[in-house]
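Worksheet for the structure shown next.
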Amino acid sequence: MPHSNSVTQHGSQAVEVGGVYPSDEAELARMGYKQELRRDLNLLQNFGVSFSIISVITGIPSLFLFGLTTGGPAVMVWGWIVVAFFTMLVGLAMAEICSAHPTSGGPYFWAAMISKSQGAPFASWITGWFNLLGQVAVTTGISFACANFISTVATIGTNYQPNSRKTVGIYAAVLFIQGMINTFGVHILKYLNNVSVWWHAVGTASLVIAILAAAPKHQSGKFVFRTFIDGTGLDGVGWSQRASSAYVALIGILIAQYTLTGFDASAHMTEETHNAAMSGSIGIVVSIGVSAVLGWFLLLGLLFSIQDYNTTIASPTGQPVTQIFLDTVGEKGAIVLMVIVIGAMFFCGTFSITSNSRMMYAFSRDGAIPGSKFLHKVDRRWRVPIRTVWFACTLSFILGLPSLGSSVAFSAATSIATIGLYISYGIPIALRVIYADRFVRGPFHLGALSYPIAIAAVLWIALISIAFCLPQLNPVSAQTLNYAPVAVGIVVAYALGFWLLSARTWFTGPVKQIAAEEMGIDITDPAALADKEPEKEILEKSLDS
């Protein structure tokens with residue numbers, strides 16, 4: 001809820017909201033950075049990046065089988081509403097902070113700016129690594145789902161037999177094409193963005209109308225709104241029997257929470273967006289709201305169109321959504337609808353890499369990633385951080401490899417994405433509560449609701465971060481292990497270990513690039529920071545300015 005007429009303080013500089021904004025480049029310079037990326041996105045395009053990454057037509061089909069067997073239709077439908085409500089609270093809290101600090105660093109930059117100077121480097125460091133983990137994992141989830149659906153559509157009317165190795169090969173090809181678009185086609189990304197928004201909106205609506213109109217019969221309202229199903233037991237004993245139905249419902253909301261993820265992309269794209277202090281914040285909030293409504297519409301359409309539950313979950317295609325298409329519109333119609341879904345997934349993955357690479361660019365700009373000096377390069381011709389584009393693609397491919405030997409690897413990857421991103425969202429929001437007196441709001445702010453919304457958002461993030469580390473199938477074995485806590489633990493151990501052994505001696509948080517260059521310091525080189533202690537102290541103090 002932006003207030004249209006107020007005066008806010010940015011350091012010593014007043015900004016009149018509702019009047020004339022300082023130039024985006026000047027605002028970026030106030031935060032200590034030079035304008036290196038091409039700034040040519042408007043509000044709609046900023047929204048479009050987050051909307052395309054949330055991509056309900058990607059997230060819901062990807063985890064539809066998980067939802068049908070982990071709580072069933074009732075948890076999917078009502079869980080979506082609950083998750084959408086709390087996700088909107090998280091988005092509102094983030095939007096308020098984004099308005100105050102519109103930079104591509106996003107959450108990790110916010111954490112440093114809100115913290116006290118002595119704790120800012122550590123807060124920024126931990127937030128950045130969680131965000132990086134989530135960014136990589138969400139790209140993995142999106143593009144791997146795209147590969148899965150390409151494998152599935154290839155089986156319709158043919159003798160093609162997919163397997164994990166073939167799917168990983170398709171996954172590599174998908175990532176390669178998306179990487180090439182982000183490398184050489186960046187000048188068309190904003191136009192591709194416009195196409196993506198319409199593809200998602202019109203494609204989702206057309207898909208739902210088609211299956212509802214063509215379905216020979218429809219499921220009852222009782223099935224869709226009141227049926228609870230526990231299919232988590234491989235031996236017939238599910239978690240509702242071993243633990244409780246509430247446990248199944250809690251882990252079952254993953255389909256909704258994973259789908260409504262990635263809206264921080266609007267923040268990561270602010271250095272490429274006009275009127276960033278408002279556009280980024282509005283992009284976050286509107287993308288969540290539109291996606292929540294569109295996603296519920298898609299869920300209901302799919303659930304009402306199920307012809308036979310057992311046939312759907314045991315589909316020879318391996319994808320319940322594909323089976324629904326086949327049962328309602330036939331083979332040719334199913335191919336058309338699958339192309340709509342695959343196209344949406346491809347757009348989603350492409351823009352996920354865009355957002356991912358910008359976050360890595362910003363993090364390496366501040367010297368936080370090993371090899372920062374190599375990674376922090378913007379191509380002069382294309383004005384794109386090409387090296388972080390391919391670094392993002394490589395890490396995402398590696399994270400997808402466990403699917404070769406695990407039956408729950410995909411749902412684990414989605415858990416990792418959700419946990420990593422939401423913890424990185426939660427840390428600056430929590431710091432905004434703890435250091436409320438230090439927070440300087442921007443043109444978009446929540447007024448009296450700011451504090452309670454932030455508290456509710458933090459509590460929700462704490463709940464889901466624990467829930468998505470829990471076992472999803474019973475009994476737990478090497479094949480069914482939810483490796484999300486393992487992956488998260490490795491990143492936490494690495495980040496903390498690296499911090500204690502080295503980074504605490506040189507990482508100062510988001511270093512003001514302009515000031516550093518004036519002092520002759522290469523901020524991507526830890527040795528340069530360590531060798532210039534007086535200048536380093538000046539830079540640390542500049543965080544408070």
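Please note that chains go A, B, ... in the order of the structure tokens, that every chain numbers its residues from 1, and that ligands are numbered from 1 in the order shown.
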
Open item on the list: Which residues are near region 349-363 of chain A? Cut-off 8 Å, only C-alpha atoms, ignore same chain within fewer than 5 positions. Put them as number ranges by chain.
Closed with: A: 49, 52-53, 104-106, 128, 132, 135-136, 138-139, 142-143, 178-179, 181-182, 262, 265, 268-269, 368-369, 375-377, 385, 388-389, 391-393

Restrict the calculation to only C-alpha atoms, then for each residue of region 60-106 of chain A with any atom at most 8 Å from an atom of region 430-441 of chain A give the closest atom pair and their distance in Å to one decimal, rows by chain and rising residue number, as JSON lines.
```
{"residue": "A:Glu96", "atom": "CA", "partner": "A:Arg441", "partner_atom": "CA", "distance": 6.9}
{"residue": "A:Ile97", "atom": "CA", "partner": "A:Arg441", "partner_atom": "CA", "distance": 7.0}
{"residue": "A:Ser99", "atom": "CA", "partner": "A:Arg441", "partner_atom": "CA", "distance": 7.2}
{"residue": "A:Ala100", "atom": "CA", "partner": "A:Arg441", "partner_atom": "CA", "distance": 5.2}
```

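Across A:Ser220, A:Thr508, A:Ser403, A:Ser196, the tightest approach to Ala120 (chain A) is made by A:Thr508 when counting only C-alpha atoms.
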
Please produce, as JSON lines, a per-residue contact table for region 71-173 of chain A versus region 327-340 of chain A (criterion: any atom at most 10 Å away, only C-alpha atoms considered), showing the nearest atom pair and its distance in Å to one decimal, sorted by chain then residue number.
```
{"residue": "A:Phe149", "atom": "CA", "partner": "A:Met338", "partner_atom": "CA", "distance": 7.5}
{"residue": "A:Ile150", "atom": "CA", "partner": "A:Met338", "partner_atom": "CA", "distance": 8.4}
{"residue": "A:Thr152", "atom": "CA", "partner": "A:Met338", "partner_atom": "CA", "distance": 8.9}
{"residue": "A:Val153", "atom": "CA", "partner": "A:Ile335", "partner_atom": "CA", "distance": 6.5}
{"residue": "A:Ala154", "atom": "CA", "partner": "A:Ile335", "partner_atom": "CA", "distance": 9.0}
{"residue": "A:Ile156", "atom": "CA", "partner": "A:Glu331", "partner_atom": "CA", "distance": 6.8}
{"residue": "A:Gly157", "atom": "CA", "partner": "A:Glu331", "partner_atom": "CA", "distance": 7.2}
```

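Minimum atom-to-atom distances from A:Gly72, A:Gly283, A:Pro320, A:Gly371 to Asp264 (chain A) were compared using only C-alpha atoms, and the lowest value belongs to A:Gly283.
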
TODO: Just the residues within 12 Å of region 287-289 of chain A, please, counting only C-alpha atoms, with nothing from its chain fewer than 2 positions along; format it as a VMD selection string.
DONE: chain A and resid 43 to 56 81 83 to 92 94 to 95 197 201 256 to 257 259 to 266 279 to 285 291 to 296

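Closest approach to Ile209 (chain A) from the set A:Ala409, A:Leu65, A:Leu401, A:Leu300 is made by A:Leu300, with distances taken over only C-alpha atoms.
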
- [ ] Pick out each residue of region 44-274 of chain A that DSSP on the backbone tags as alpha helix (DSSP H); I need them as a VMD selection string.
- [x] chain A and resid 44 to 54 56 to 62 64 to 69 72 to 100 107 to 114 120 to 153 164 to 184 189 to 214 221 to 226 239 to 242 245 to 252 254 to 259 265 to 268

- [ ] Pick out each residue of region 226-474 of chain A that DSSP on the backbone tags as strand (DSSP E or B); I need them as a PyMOL selection string.
- [x] chain A and resi 229-230+233+273+474

Those residues you just picked out, can you put them in a file as a tab-separated table (two decimals), in the first residue's frame with C-alpha atoms?
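Listing of part.tsv after writing:
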```tsv
chain	number	residue	atom	x	y	z
A	229	ILE	CA	-5.52	-38.43	0.55
A	230	ASP	CA	-2.36	-39.78	2.14
A	233	GLY	CA	3.47	-44.62	2.49
A	273	THR	CA	14.32	-0.78	-14.29
A	474	ASN	CA	7.62	-43.39	4.54
```

Open item on the list: Quick one: residues within 12 Å of Leu133 (chain A), only C-alpha atoms, excluding same-chain residues fewer than 5 positions away - as a ChimeraX atom specification?
Closed with: /A:126-128,138-140,356,359-360,392,395-396,399,413-424,484,487-492,494-495

Task: Nearest residue to Pro443 (chain A) from the set A:Gly59, A:Pro102, A:Pro316, A:Gly343 (distances using only C-alpha atoms) - done: A:Pro102

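If you look at CA of Ile170 (chain A) and CA of Ser62 (chain A), they are 16.1 Å away from each other.
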
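When only C-alpha atoms are used to compute distances to Val75 (chain A), the closest of the residues A:Trp110, A:Trp239, A:Trp199, A:Tyr247 turns out to be A:Tyr247.
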
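Minimum atom-to-atom distances from A:Asn42, A:Ser206, A:Ser372, A:Ser117 to Lys190 (chain A) were compared using only C-alpha atoms, and the lowest value belongs to A:Asn42.
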